[in-house]
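Pasting coords.pdb here (PDB, C-alpha atoms):
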ATOM      1  CA  MET A 293      -7.070 -20.189 -37.886  1.00  0.00           C
ATOM      2  CA  THR A 294      -5.057 -16.993 -38.157  1.00  0.00           C
ATOM      3  CA  LYS A 295      -2.975 -16.526 -41.309  1.00  0.00           C
ATOM      4  CA  SER A 296       0.034 -14.301 -41.878  1.00  0.00           C
ATOM      5  CA  ILE A 297       2.331 -13.024 -44.600  1.00  0.00           C
ATOM      6  CA  SER A 298       5.278 -10.662 -44.770  1.00  0.00           C
ATOM      7  CA  CYS A 299       7.387  -9.036 -47.441  1.00  0.00           C
ATOM      8  CA  LYS A 300      10.390 -10.922 -46.060  1.00  0.00           C
ATOM      9  CA  ASP A 301       8.546 -14.166 -46.999  1.00  0.00           C
ATOM     10  CA  ALA A 302       8.761 -12.953 -50.609  1.00  0.00           C
ATOM     11  CA  GLY A 303      12.445 -12.083 -50.294  1.00  0.00           C
ATOM     12  CA  LYS A 304      11.840  -8.329 -50.158  1.00  0.00           C
ATOM     13  CA  ASP A 305      13.884  -5.974 -47.988  1.00  0.00           C
ATOM     14  CA  CYS A 306      10.739  -4.634 -46.304  1.00  0.00           C
ATOM     15  CA  THR A 307       9.504  -5.004 -42.730  1.00  0.00           C
ATOM     16  CA  TRP A 308       5.759  -5.027 -43.578  1.00  0.00           C
ATOM     17  CA  SER A 309       3.694  -7.952 -42.362  1.00  0.00           C
ATOM     18  CA  ALA A 310       0.021  -8.690 -41.825  1.00  0.00           C
ATOM     19  CA  THR A 311      -2.055 -11.201 -39.897  1.00  0.00           C
ATOM     20  CA  HIS A 312      -5.763 -11.902 -40.268  1.00  0.00           C
ATOM     21  CA  GLU A 313      -8.331 -14.667 -39.806  1.00  0.00           C
ATOM     22  CA  SER A 314      -9.537 -14.355 -43.398  1.00  0.00           C
ATOM     23  CA  GLU A 315      -7.351 -15.056 -46.430  1.00  0.00           C
ATOM     24  CA  GLU A 316      -9.481 -12.670 -48.484  1.00  0.00           C
ATOM     25  CA  ALA A 317      -8.929  -9.809 -46.015  1.00  0.00           C
ATOM     26  CA  LEU A 318      -5.235 -10.650 -45.844  1.00  0.00           C
ATOM     27  CA  MET A 319      -4.946 -10.520 -49.644  1.00  0.00           C
ATOM     28  CA  SER A 320      -6.745  -7.180 -49.642  1.00  0.00           C
ATOM     29  CA  MET A 321      -4.108  -5.824 -47.236  1.00  0.00           C
ATOM     30  CA  VAL A 322      -1.342  -7.307 -49.409  1.00  0.00           C
ATOM     31  CA  LYS A 323      -2.730  -5.665 -52.561  1.00  0.00           C
ATOM     32  CA  GLU A 324      -3.020  -2.301 -50.805  1.00  0.00           C
ATOM     33  CA  HIS A 325       0.585  -2.560 -49.575  1.00  0.00           C
ATOM     34  CA  VAL A 326       1.950  -3.652 -52.952  1.00  0.00           C
ATOM     35  CA  LEU A 327       0.215  -0.767 -54.742  1.00  0.00           C
ATOM     36  CA  ALA A 328       1.556   1.746 -52.202  1.00  0.00           C
ATOM     37  CA  GLU A 329       5.087   0.465 -51.599  1.00  0.00           C
ATOM     38  CA  HIS A 330       6.079  -1.976 -54.360  1.00  0.00           C
ATOM     39  CA  LYS A 331       4.925  -0.349 -57.587  1.00  0.00           C
ATOM     40  CA  GLU A 332       7.416  -2.502 -59.516  1.00  0.00           C
ATOM     41  CA  ILE A 333       5.289  -5.605 -58.799  1.00  0.00           C
ATOM     42  CA  GLU A 334       2.491  -6.232 -61.269  1.00  0.00           C
ATOM     43  CA  LEU A 335      -0.594  -7.712 -59.619  1.00  0.00           C
ATOM     44  CA  ASN A 336      -1.451 -10.172 -62.382  1.00  0.00           C
ATOM     45  CA  PRO A 337      -3.043 -13.601 -61.735  1.00  0.00           C
ATOM     46  CA  LYS A 338       0.355 -15.369 -61.765  1.00  0.00           C
ATOM     47  CA  ASN A 339       1.869 -13.008 -59.173  1.00  0.00           C
ATOM     48  CA  ILE A 340      -1.269 -13.096 -57.024  1.00  0.00           C
ATOM     49  CA  ALA A 341      -1.120 -16.915 -57.004  1.00  0.00           C
ATOM     50  CA  GLY A 342       2.538 -16.717 -55.984  1.00  0.00           C
ATOM     51  CA  ILE A 343       1.734 -14.304 -53.179  1.00  0.00           C
ATOM     52  CA  LYS A 344      -1.115 -16.540 -51.954  1.00  0.00           C
ATOM     53  CA  SER A 345       1.314 -19.460 -51.793  1.00  0.00           C
ATOM     54  CA  LEU A 346       3.369 -17.491 -49.234  1.00  0.00           C
ATOM     55  CA  ILE A 347       0.472 -17.225 -46.768  1.00  0.00           C
ATOM     56  CA  LYS A 348       1.083 -19.391 -43.720  1.00  0.00           C
ATOM     57  CA  GLU A 349      -0.689 -20.283 -40.511  1.00  0.00           C
ATOM     58  CA  ALA A 350       0.309 -17.801 -37.839  1.00  0.00           C
ATOM     59  CA  ALA A 351       1.917 -19.229 -34.741  1.00  0.00           C
ATOM     60  CA  PRO A 352      -0.346 -19.082 -31.689  1.00  0.00           C
ATOM     61  CA  PRO A 353       0.542 -16.319 -29.251  1.00  0.00           C
ATOM     62  CA  GLN A 354       3.190 -17.288 -26.742  1.00  0.00           C
ATOM     63  CA  LYS A 355       2.126 -17.631 -23.123  1.00  0.00           C
ATOM     64  CA  ARG A 356       3.738 -14.848 -21.129  1.00  0.00           C
ATOM     65  CA  VAL A 357       5.374 -15.930 -17.920  1.00  0.00           C
ATOM     66  CA  ARG A 358       5.735 -13.408 -15.119  1.00  0.00           C
ATOM     67  CA  PRO A 359       9.348 -13.232 -13.944  1.00  0.00           C
ATOM     68  CA  LYS A 360       9.853 -14.060 -10.300  1.00  0.00           C
ATOM     69  CA  MET A 361      10.177 -11.179  -7.918  1.00  0.00           C
ATOM     70  CA  ARG A 362      13.486 -10.835  -6.079  1.00  0.00           C
ATOM     71  CA  SER A 363      11.937 -12.044  -2.806  1.00  0.00           C
ATOM     72  CA  GLU A 364      10.614 -15.165  -4.565  1.00  0.00           C
ATOM     73  CA  ARG A 365      14.043 -15.876  -6.078  1.00  0.00           C
ATOM     74  CA  LEU A 366      15.613 -15.591  -2.615  1.00  0.00           C
ATOM     75  CA  GLY A 367      13.081 -18.029  -1.129  1.00  0.00           C
ATOM     76  CA  PHE A 368      11.091 -15.644   1.087  1.00  0.00           C
ATOM     77  CA  LYS A 369       7.481 -16.498   1.759  1.00  0.00           C
ATOM     78  CA  LYS A 370       4.805 -14.615  -0.136  1.00  0.00           C
ATOM     79  CA  SER A 371       2.866 -13.677   3.040  1.00  0.00           C
ATOM     80  CA  GLY A 372       5.018 -10.601   3.567  1.00  0.00           C
ATOM     81  CA  LEU A 373       6.019 -11.285   7.173  1.00  0.00           C
ATOM     82  CA  MET A 374       8.823 -13.664   7.916  1.00  0.00           C
TER      83      MET A 374
END

Represent the structure of the file as structure tokens.
Amino acid sequence: MTKSISCKDAGKDCTWSATHESEEALMSMVKEHVLAEHKEIELNPKNIAGIKSLIKEAAPPQKRVRPKMRSERLGFKKSGLM
């Protein structure tokens, strides 16, 4: 199952987010981001546990629905000739 996390989940004013199948890979991305962008956060065991608790199951992708063409909305047949 795909997992995700974002800085907004932690209450940060940051648009970063990540999604991955593996929690270990996701935490690796989190650590890299924290070291690059949030130097004020110490990556100690307590903070890492808190970050891990913010990981959630990612919502499955939404099915995209093709909008109806104008001719379909007006009730014309799809064959092309009327």

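Residues of protein, DNA and RNA with at least one atom no farther than 7 Å from (-2.0, -12.0, -43.8) are, using all atoms listed in the file, Lys295, Ser296, Ile297, Ala310, Thr311, His312, Glu315, Leu318, Met319 and Ile347 of chain A.
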
Next, write the just-selected residues to a file, as a short mmCIF file (atom, residue, chain, number, x, y, z; two decimals), in the coordinates of the input, keeping C-alpha atoms as the atom set.
data_model
loop_
_atom_site.label_atom_id
_atom_site.label_comp_id
_atom_site.auth_asym_id
_atom_site.auth_seq_id
_atom_site.Cartn_x
_atom_site.Cartn_y
_atom_site.Cartn_z
CA LYS A 295 -2.98 -16.53 -41.31
CA SER A 296 0.03 -14.30 -41.88
CA ILE A 297 2.33 -13.02 -44.60
CA ALA A 310 0.02 -8.69 -41.82
CA THR A 311 -2.06 -11.20 -39.90
CA HIS A 312 -5.76 -11.90 -40.27
CA GLU A 315 -7.35 -15.06 -46.43
CA LEU A 318 -5.24 -10.65 -45.84
CA MET A 319 -4.95 -10.52 -49.64
CA ILE A 347 0.47 -17.23 -46.77
#

Proximity to Thr294 (chain A) - best of A:Ala317, A:Val326, A:Ala351, A:Leu335, only C-alpha atoms:
A:Ala351

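Among the candidate residues A:Leu366, A:Thr307, A:Ser314, A:Val322, the one lying nearest to Ile343 (chain A) is A:Val322, with distances computed using all atoms listed in the file.
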
Please determine an axis-aligned box that encloses all atoms of region 336-343 of chain A listed in the file, with 6 Å added on each side, and express its centre and edge lengths in Å to one decimal as JSON.
{"center_x": -0.3, "center_y": -13.5, "center_z": -57.8, "size_x": 17.6, "size_y": 18.7, "size_z": 21.2}

Spatial neighbours of Glu329 (chain A), 12 Å, only C-alpha atoms, chain gap at least 6 places, as an mmCIF file with C-alpha atoms, in the coordinates of the input:
data_model
loop_
_atom_site.group_PDB
_atom_site.id
_atom_site.type_symbol
_atom_site.label_atom_id
_atom_site.label_comp_id
_atom_site.auth_asym_id
_atom_site.auth_seq_id
_atom_site.Cartn_x
_atom_site.Cartn_y
_atom_site.Cartn_z
ATOM 1 C CA CYS A 299 7.387 -9.036 -47.441
ATOM 2 C CA LYS A 304 11.840 -8.329 -50.158
ATOM 3 C CA ASP A 305 13.884 -5.974 -47.988
ATOM 4 C CA CYS A 306 10.739 -4.634 -46.304
ATOM 5 C CA THR A 307 9.504 -5.004 -42.730
ATOM 6 C CA TRP A 308 5.759 -5.027 -43.578
ATOM 7 C CA MET A 321 -4.108 -5.824 -47.236
ATOM 8 C CA VAL A 322 -1.342 -7.307 -49.409
ATOM 9 C CA LYS A 323 -2.730 -5.665 -52.561
#

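Checking A:Arg362, A:Lys355, A:His325, A:Lys338 one by one against Ser309 (chain A), counting all atoms listed in the file, you find the shortest gap at A:His325.
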
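Note that the spacing between CA of Glu313 (chain A) and CA of Asp301 (chain A) amounts to 18.4 Å.
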
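A straight line drawn from CA of Ala350 (chain A) to CA of Met293 (chain A) is 7.8 Å long.
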